[in-house]
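A short write-up of the structure that comes next.
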Amino acid sequence: MKRIYSIEDACIGCHLCEVACITEHSLSKDPVKAFLHEAERPISRCTVEEWDDGVVSISTNCRHCDEPDCLRACISGAIRKNAQGVVRIDTEQCVGCWSCVMACPYGAVQRNLKRKKANKCDLCPDRQTPACVEACPNRALVYREGSQK
Amino acid sequence: MNYVIVGNSVAAVGAIRAIRTLDQQGTITVISRERHNAYGRPLISYLLGGVITEKRMAYLPEGFYEEQRINLLLNSEVVAVDSAGKKVRLAAGECVPYDKLLLATGGDPFVPPIEGMADKDRIFTFTTWDDAAKLKGIAADINRAVVIGGGLIGLKAAEGLNLIDKCVTVVELADRVLSSAFDRPAGKIVARKMKANGIDVITEDTVVRIEGEGGVISGVTLKSGDFIPCDTVIVAIGVRPAASFLKGSGVEVNRGIVVDNSMRTSVEDVYAAGDVAEAADFFSGDKNPMPIWPDAYIQGDIAGTAMAGGSKEYEGGLAMNSIEFFKVSTISMGVTNPRDPSEYEIHTYQDIQNYQYRKIVLQANRLVGAVLVGNVDRAGIFSGLIREKIDMTPYKESLMLPDFGFINLSRDIRNRLFAPQGKAADSGRAERAAGH
């Protein structure tokens, strides 16, 4: 399946992947509205980590694992892997127990404390290429066929 | 191939999925003593507390059993296994033959004899949907409840009752709550939160007598002599592997059903997984029952794979729990409270006022355990480091950082996890700059 990979050397630490992710998962899909005007700002599914004042940075994201630890840990059955291999959370079903947060070795499930729901990459179901990948100004994120690790 | 699975919770589901990955044709029969399709067992406290509706108890998408072509026998208890004749006998008398059998019956609540309990109506355990439903059914009639046992189940039952405005007292024999999954400071934070929400927590004491007339409970007397008035008692002392039906089957049962790293029992073509099994521990390799939800799924997956002719090796059970008490998040994993601390290197941070705590346990420079209270974000990174047995020598300083992440680890680890294949050996910045 196609996955998002991260090229550390190309990452400039601009966080545009996070902005794009938040925008894509907002109601308006407009960055200014998403950040300033909507009642609730989504939480980015990708996480840019920085070190040494940003000299080193990398955008980390969900691997859509072959045998997802998040799915195995989920107590409500809210996490499922579809026929294409995409691992998604049914937020209606999620009870916010954070078992997936405990289990994911990639640190790729976020806590939405306001809604008490887990939050994770859905590979942007409405798009051909995930928003984070498209937004990266230095192609540090690539979306291509590949294995989990 | 004719597969029979006894039990219908997470281990059974892991097994069904694994079998169907390898074998689309075989027949699969699932036998459960409960009357429900697979449900999120840990959600029963949410159900009791009115946090979720019954509809959300369903663990599986609608149509799962039909799509996987499962012959589902609910309300059916297996009372014996005839391993020579390769069949299981149901309470109703009929026998179900198998080629491959999985025992995934889970645990039974342990109820010790307590004086005065014999004829009382309102003594409950709290491990099934029906337990929660029964309590919910009489909720209007409950005024005060006593929960015996301050472990995960007891505290979640107490929280559920508190959420529907019942007075609850928890009585725990140890000197703190959650003594098996947590260390002292973490237990203290949870106890403090429970008390702040109106739950009475009594430690170092136990119920010696249940008082009352006829079927009606008037209260409990503690070992200390204290009397606590109540009308309902919940026994949440612990859970034991539900393996008593195996008497005479030849299947080796120690505390649980003893299994190897493919979840095979001592008897050919009989497998066990989940809370009923006694499998190897991740660290020591010693066999222990480990009632851990994700572990039950993994064991089910391994058993199902082996039953369908594949092979997967069990890496050993790693205890982990993620539980919220009144919106305070807690996650614990691995070795959290070593008996002999001198063999371990332990780092802690605590801010009990704000319900924050972090503890990291290392042994021979490997991460072996963690406790997080409050900020539990990205806790799974720790579970990955434990499983991969990464040498933490260069990274110890950063382990206590609140935003600890992959950036604190080596470039090599990040590449292995996140880089496109073939890029792992990508050279440094200078060369990249030259290429632009």
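Residues in the structure tokens are named by chain (A, B, ... in the order shown) and by number from 1 within that chain; ligands are numbered from 1 in the order shown.
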Query raised in the report: What's the 9 Å shell around Pro241 in chain B, counting only C-alpha atoms, without same-chain residues fewer than 4 positions away, as a ChimeraX atom specification?
Result: /B:105-109,255-257,275-278,289,291
At most 7 Å is the cut-off: for each residue in chain B with any atom that close to an atom of chain A, write down the nearest atom pair and the distance in Å rounded to one decimal, counting only C-alpha atoms, chain first then increasing number, as JSON lines.
{"residue": "B:Gly40", "atom": "CA", "partner": "A:Ser76", "partner_atom": "CA", "distance": 4.9}
{"residue": "B:Pro42", "atom": "CA", "partner": "A:Ile75", "partner_atom": "CA", "distance": 6.5}
{"residue": "B:Arg56", "atom": "CA", "partner": "A:Gln93", "partner_atom": "CA", "distance": 6.1}
{"residue": "B:Tyr59", "atom": "CA", "partner": "A:Gly77", "partner_atom": "CA", "distance": 4.5}
{"residue": "B:Leu60", "atom": "CA", "partner": "A:Gly77", "partner_atom": "CA", "distance": 6.0}
{"residue": "B:Trp293", "atom": "CA", "partner": "A:Ala73", "partner_atom": "CA", "distance": 6.4}
{"residue": "B:Pro294", "atom": "CA", "partner": "A:Ala73", "partner_atom": "CA", "distance": 4.3}
{"residue": "B:Tyr297", "atom": "CA", "partner": "A:Arg72", "partner_atom": "CA", "distance": 5.8}
{"residue": "B:Ser322", "atom": "CA", "partner": "A:Ser99", "partner_atom": "CA", "distance": 5.2}
{"residue": "B:Ile323", "atom": "CA", "partner": "A:Cys97", "partner_atom": "CA", "distance": 6.1}
{"residue": "B:Glu324", "atom": "CA", "partner": "A:Cys97", "partner_atom": "CA", "distance": 6.4}
{"residue": "B:Ile331", "atom": "CA", "partner": "A:Met102", "partner_atom": "CA", "distance": 6.6}
{"residue": "B:Asp377", "atom": "CA", "partner": "A:Val101", "partner_atom": "CA", "distance": 6.7}
{"residue": "B:Arg378", "atom": "CA", "partner": "A:Gly107", "partner_atom": "CA", "distance": 4.3}
{"residue": "B:Ala379", "atom": "CA", "partner": "A:Met102", "partner_atom": "CA", "distance": 4.9}
{"residue": "B:Gly380", "atom": "CA", "partner": "A:Met102", "partner_atom": "CA", "distance": 4.3}
{"residue": "B:Ile381", "atom": "CA", "partner": "A:Pro105", "partner_atom": "CA", "distance": 4.4}
{"residue": "B:Ser383", "atom": "CA", "partner": "A:Pro105", "partner_atom": "CA", "distance": 6.1}
{"residue": "B:Gly384", "atom": "CA", "partner": "A:Pro105", "partner_atom": "CA", "distance": 4.4}
{"residue": "B:Ile407", "atom": "CA", "partner": "A:Glu49", "partner_atom": "CA", "distance": 6.0}
{"residue": "B:Arg416", "atom": "CA", "partner": "A:Lys149", "partner_atom": "CA", "distance": 6.2}
{"residue": "B:Leu417", "atom": "CA", "partner": "A:Lys149", "partner_atom": "CA", "distance": 5.4}
{"residue": "B:Phe418", "atom": "CA", "partner": "A:Ser6", "partner_atom": "CA", "distance": 5.4}
{"residue": "B:Ala419", "atom": "CA", "partner": "A:Ser6", "partner_atom": "CA", "distance": 5.0}
{"residue": "B:Pro420", "atom": "CA", "partner": "A:Tyr5", "partner_atom": "CA", "distance": 5.1}
{"residue": "B:Gly428", "atom": "CA", "partner": "A:Asp9", "partner_atom": "CA", "distance": 7.0}
{"residue": "B:Arg429", "atom": "CA", "partner": "A:Asp9", "partner_atom": "CA", "distance": 6.1}
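Note that CA of Gly54 in chain A and CA of His37 in chain A are 29.2 Å apart.
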Query raised in the report: Any idea what's packed within 8 Å of Val171 in chain B, counting only C-alpha atoms, ignoring anything in its chain fewer than 3 positions away? Could you give it as JSON, numbers by chain?
Result: {"B": [146, 147, 148, 149, 150, 201, 202, 203, 205, 206, 207]}
Query raised in the report: Between CA of Leu72 in chain B and CA of Asn37 in chain B, what is the distance, to one decimal in Å?
Result: 8.8 Å
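CA of Arg414 in chain B is found 23.8 Å from CA of Ala118 in chain A.
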Report task. Write out as a list of chain:residue names which residues come within 6 Å of Val86 in chain A when counting only C-alpha atoms, dropping same-chain ones fewer than 3 positions away. Result -> A:His64, A:Lys81, A:Asn82
Every residue of range 112-300 of chain B that DSSP places in strand (DSSP E or B), as a short mmCIF file (atom, residue, chain, number, x, y, z; two decimals) with C-alpha atoms, in the first residue's frame:
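That gives us states_30.cif:
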data_model
loop_
_atom_site.label_atom_id
_atom_site.label_comp_id
_atom_site.auth_asym_id
_atom_site.auth_seq_id
_atom_site.Cartn_x
_atom_site.Cartn_y
_atom_site.Cartn_z
CA GLU B 115 -19.26 -14.40 56.50
CA ILE B 123 -23.65 -9.06 46.03
CA PHE B 124 -22.22 -8.59 42.57
CA ARG B 144 -24.70 3.18 49.18
CA ALA B 145 -22.32 0.61 47.75
CA VAL B 146 -19.14 -0.96 49.04
CA VAL B 147 -16.59 -2.16 46.52
CA ILE B 148 -14.24 -4.82 47.87
CA CYS B 167 -22.26 6.83 47.52
CA VAL B 168 -19.33 4.46 47.13
CA THR B 169 -16.68 3.18 49.51
CA VAL B 170 -13.71 1.18 48.21
CA VAL B 171 -12.05 -1.19 50.66
CA GLU B 172 -8.55 -2.38 49.75
CA ASP B 200 -14.30 6.96 50.06
CA VAL B 201 -11.11 4.91 49.77
CA ILE B 202 -10.13 2.75 52.75
CA THR B 203 -6.79 0.91 52.59
CA VAL B 207 -14.51 -6.77 54.79
CA VAL B 208 -14.92 -9.62 57.30
CA ARG B 209 -18.69 -9.74 57.52
CA ILE B 210 -21.64 -8.70 55.43
CA GLU B 211 -24.44 -7.57 57.75
CA GLY B 212 -28.17 -7.59 57.26
CA GLU B 213 -31.45 -9.45 57.67
CA VAL B 216 -31.14 -7.45 52.56
CA ILE B 217 -27.70 -5.94 53.23
CA SER B 218 -27.43 -3.29 55.92
CA GLY B 219 -23.68 -2.80 55.78
CA VAL B 220 -20.27 -4.42 56.11
CA THR B 221 -17.98 -4.87 59.08
CA LEU B 222 -14.27 -4.39 58.47
CA PHE B 227 -18.94 -0.63 60.18
CA ILE B 228 -19.86 0.84 56.82
CA PRO B 229 -23.56 1.06 56.05
CA THR B 232 -25.00 -3.25 47.76
CA VAL B 233 -21.62 -4.99 47.69
CA ILE B 234 -19.38 -5.44 44.66
CA VAL B 235 -16.64 -8.02 44.93
CA VAL B 239 -9.97 -12.57 38.17
CA ARG B 240 -8.78 -16.13 37.67
CA PRO B 241 -8.35 -18.01 34.41
CA VAL B 253 -3.42 -26.17 33.62
CA ILE B 257 -3.71 -23.03 30.56
CA VAL B 258 -0.01 -23.50 29.88
CA ARG B 264 -0.22 -24.60 21.73
CA VAL B 270 -5.69 -27.62 21.37
CA TYR B 271 -4.64 -23.98 21.73
CA ALA B 272 -5.31 -21.31 24.33
CA ALA B 277 -3.77 -18.74 29.03
CA GLU B 278 -0.50 -18.86 30.87
CA ALA B 279 2.09 -17.72 28.34
CA ALA B 280 5.66 -16.48 28.52
CA ASP B 281 6.41 -13.11 30.06
CA LYS B 287 4.85 -18.36 32.25
CA ASN B 288 2.17 -16.23 33.88
CA PRO B 289 -1.46 -15.48 33.25
#
Query - Test item: residues at most 12 Å from Gln25 in chain B, only C-alpha atoms, excluding those fewer than 4 positions along its chain, as a PyMOL selection string - result: chain B and resi 1-3+19-21+68-70+308
What would the file look like if the residues just selected were written as a compact mmCIF listing (two decimals), in the first residue's frame with C-alpha atoms?
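New file again-v6.txt:
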# COMPACT_ATOMS: atom_id res chain seq x y z
CA MET B 1 -10.70 -27.88 8.56
CA ASN B 2 -13.12 -27.57 11.44
CA TYR B 3 -12.15 -24.88 13.93
CA ILE B 19 -7.67 -18.02 10.55
CA ARG B 20 -9.60 -16.27 7.79
CA THR B 21 -6.40 -14.66 6.49
CA GLN B 68 -16.45 -14.32 8.33
CA ARG B 69 -18.95 -17.20 8.07
CA ILE B 70 -18.93 -17.95 11.79
CA ALA B 308 -4.60 -22.50 10.20
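Using only C-alpha atoms, the contacts of Gln350 in chain B at a cut-off of 9 Å, with sequence neighbours closer than 6 positions omitted, comprise Pro185, Gln356, Tyr357, Arg358 and Lys359 of chain B.
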